[in-house]
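These notes are about the structure you will find just below.
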Amino acid sequence: MNLQRLRYFVAVAEELHFGRAAQRLHMSQPPLSQQIRLLERELDTALFDRSTRRVSLTDAGSFLYPEAVRLLAEADSVDRLMDQRRHGQAGTLRVGFVDSAAYEVMPRALSEYRRRWPQVDYELHTMSSDEQVKALRAGRIDLGIGRAAADPERVEATLVMQ
């Protein structure tokens, strides 16, 4: 089923007027009417009773409307979640750190990161700086917090604290 056709259906169901729905959707009325007819054909049922004076939902249209609204909200939610993941605002961050970072650096860093990106989950791994470089190169962690500057030929390093 085409989600765009469901969006068209919801607009017409809410406006109960093809012209106003088309205007709301920033399109002309004939293509909107055609898309609704295609949806009705696909579902093998009429969704609207049409007359020259008014448009109303059929029983099937009334049944479909709340489900269509729910499905579209879920689809929009998936789009938002994937956007957040693409931008590092959701998903899992795998962090390797040396034992000594557990006392000061990690609590501060995680607290700030959780405040900014509450949808992110964390996998925390204690490991030596050398193990972190290997894990970064192998793709087992995304970030390492070590005691010594890493070899710039092997990984990119940023001084966090002196």
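Each chain in the structure tokens gets a letter, A, B, ..., in the order shown, and its residues are numbered from 1; ligands are numbered from 1 in order too.
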
Backbone DSSP call of alpha helix (DSSP H) for segment 50-144 of chain A, listed as a ChimeraX atom specification: /A:59-86,105-116,129-138

Could you save those same residues with C-alpha atoms as a PDB file, in the first residue's frame?
```pdb
ATOM      1  CA  ASP A  59     -18.525   2.950   6.377  1.00  0.00           C
ATOM      2  CA  ALA A  60     -15.271   1.592   4.929  1.00  0.00           C
ATOM      3  CA  GLY A  61     -13.786   5.100   4.873  1.00  0.00           C
ATOM      4  CA  SER A  62     -14.818   5.684   8.498  1.00  0.00           C
ATOM      5  CA  PHE A  63     -13.223   2.364   9.411  1.00  0.00           C
ATOM      6  CA  LEU A  64     -10.004   3.167   7.529  1.00  0.00           C
ATOM      7  CA  TYR A  65      -9.539   6.745   8.751  1.00  0.00           C
ATOM      8  CA  PRO A  66      -8.257   6.126  12.330  1.00  0.00           C
ATOM      9  CA  GLU A  67      -6.021   3.297  11.106  1.00  0.00           C
ATOM     10  CA  ALA A  68      -4.595   5.480   8.349  1.00  0.00           C
ATOM     11  CA  VAL A  69      -3.861   8.268  10.838  1.00  0.00           C
ATOM     12  CA  ARG A  70      -2.126   5.766  13.154  1.00  0.00           C
ATOM     13  CA  LEU A  71      -0.093   4.206  10.327  1.00  0.00           C
ATOM     14  CA  LEU A  72       1.032   7.597   9.033  1.00  0.00           C
ATOM     15  CA  ALA A  73       2.062   8.701  12.531  1.00  0.00           C
ATOM     16  CA  GLU A  74       4.112   5.515  12.915  1.00  0.00           C
ATOM     17  CA  ALA A  75       5.732   6.003   9.508  1.00  0.00           C
ATOM     18  CA  ASP A  76       6.622   9.590  10.434  1.00  0.00           C
ATOM     19  CA  SER A  77       8.042   8.334  13.729  1.00  0.00           C
ATOM     20  CA  VAL A  78      10.260   5.841  11.884  1.00  0.00           C
ATOM     21  CA  ASP A  79      11.514   8.642   9.621  1.00  0.00           C
ATOM     22  CA  ARG A  80      12.359  10.796  12.669  1.00  0.00           C
ATOM     23  CA  LEU A  81      14.127   7.907  14.422  1.00  0.00           C
ATOM     24  CA  MET A  82      16.230   7.125  11.363  1.00  0.00           C
ATOM     25  CA  ASP A  83      17.108  10.813  10.986  1.00  0.00           C
ATOM     26  CA  GLN A  84      18.201  10.891  14.619  1.00  0.00           C
ATOM     27  CA  ARG A  85      20.283   7.771  14.125  1.00  0.00           C
ATOM     28  CA  ARG A  86      21.934   9.181  10.987  1.00  0.00           C
ATOM     29  CA  VAL A 105      36.064  11.647  32.841  1.00  0.00           C
ATOM     30  CA  MET A 106      33.397   9.017  32.098  1.00  0.00           C
ATOM     31  CA  PRO A 107      30.759  10.185  34.608  1.00  0.00           C
ATOM     32  CA  ARG A 108      31.038  13.789  33.379  1.00  0.00           C
ATOM     33  CA  ALA A 109      31.113  12.867  29.701  1.00  0.00           C
ATOM     34  CA  LEU A 110      28.211  10.395  29.928  1.00  0.00           C
ATOM     35  CA  SER A 111      26.109  12.779  31.993  1.00  0.00           C
ATOM     36  CA  GLU A 112      26.513  15.548  29.406  1.00  0.00           C
ATOM     37  CA  TYR A 113      25.998  13.185  26.473  1.00  0.00           C
ATOM     38  CA  ARG A 114      22.825  11.717  28.023  1.00  0.00           C
ATOM     39  CA  ARG A 115      21.506  15.224  28.639  1.00  0.00           C
ATOM     40  CA  ARG A 116      22.036  16.179  24.987  1.00  0.00           C
ATOM     41  CA  SER A 129      44.690   2.272  25.370  1.00  0.00           C
ATOM     42  CA  ASP A 130      46.361  -0.241  23.032  1.00  0.00           C
ATOM     43  CA  GLU A 131      43.264  -2.478  23.120  1.00  0.00           C
ATOM     44  CA  GLN A 132      41.125   0.542  22.301  1.00  0.00           C
ATOM     45  CA  VAL A 133      43.179   1.345  19.195  1.00  0.00           C
ATOM     46  CA  LYS A 134      42.733  -2.259  18.006  1.00  0.00           C
ATOM     47  CA  ALA A 135      39.001  -2.186  18.816  1.00  0.00           C
ATOM     48  CA  LEU A 136      38.556   1.135  16.972  1.00  0.00           C
ATOM     49  CA  ARG A 137      40.329  -0.195  13.887  1.00  0.00           C
ATOM     50  CA  ALA A 138      38.269  -3.403  13.993  1.00  0.00           C
TER      51      ALA A 138
END
```

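Near segment 23-39 of chain A, within 8 Å and counting only C-alpha atoms, sit Arg5, Leu6, Tyr8, Phe9, Ala11 and Phe18 of chain A; same-chain residues fewer than 5 positions away were not included.
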
Kindly save the residues from that selection, with C-alpha atoms included, as a compact mmCIF listing (two decimals), in the first residue's frame.
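Result file result_23.txt:
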```txt
# COMPACT_ATOMS: atom_id res chain seq x y z
CA ARG A 5 -2.20 7.69 -1.08
CA LEU A 6 -3.07 7.22 2.58
CA TYR A 8 -4.25 11.95 0.39
CA PHE A 9 -7.10 9.91 1.85
CA ALA A 11 -6.60 14.98 3.89
CA PHE A 18 -11.58 17.48 -2.65
```

Could you state the separation of atom CA of Arg54 of chain A and atom CA of Leu3 of chain A in Å, given to one decimal place? 25.4 Å

Nearest residue to Met1 of chain A from the set A:Ala22, A:Glu156, A:Glu42, A:Glu15 (distances using only C-alpha atoms): A:Glu42

Which residues, written as a VMD selection string, have at least one atom at most 10 Å from Gly96 of chain A, with only C-alpha atoms counted and residues fewer than 2 positions away on the same chain left out? chain A and resid 93 to 94 98 to 99 123 to 129 131 to 133 135 to 136 140 to 146
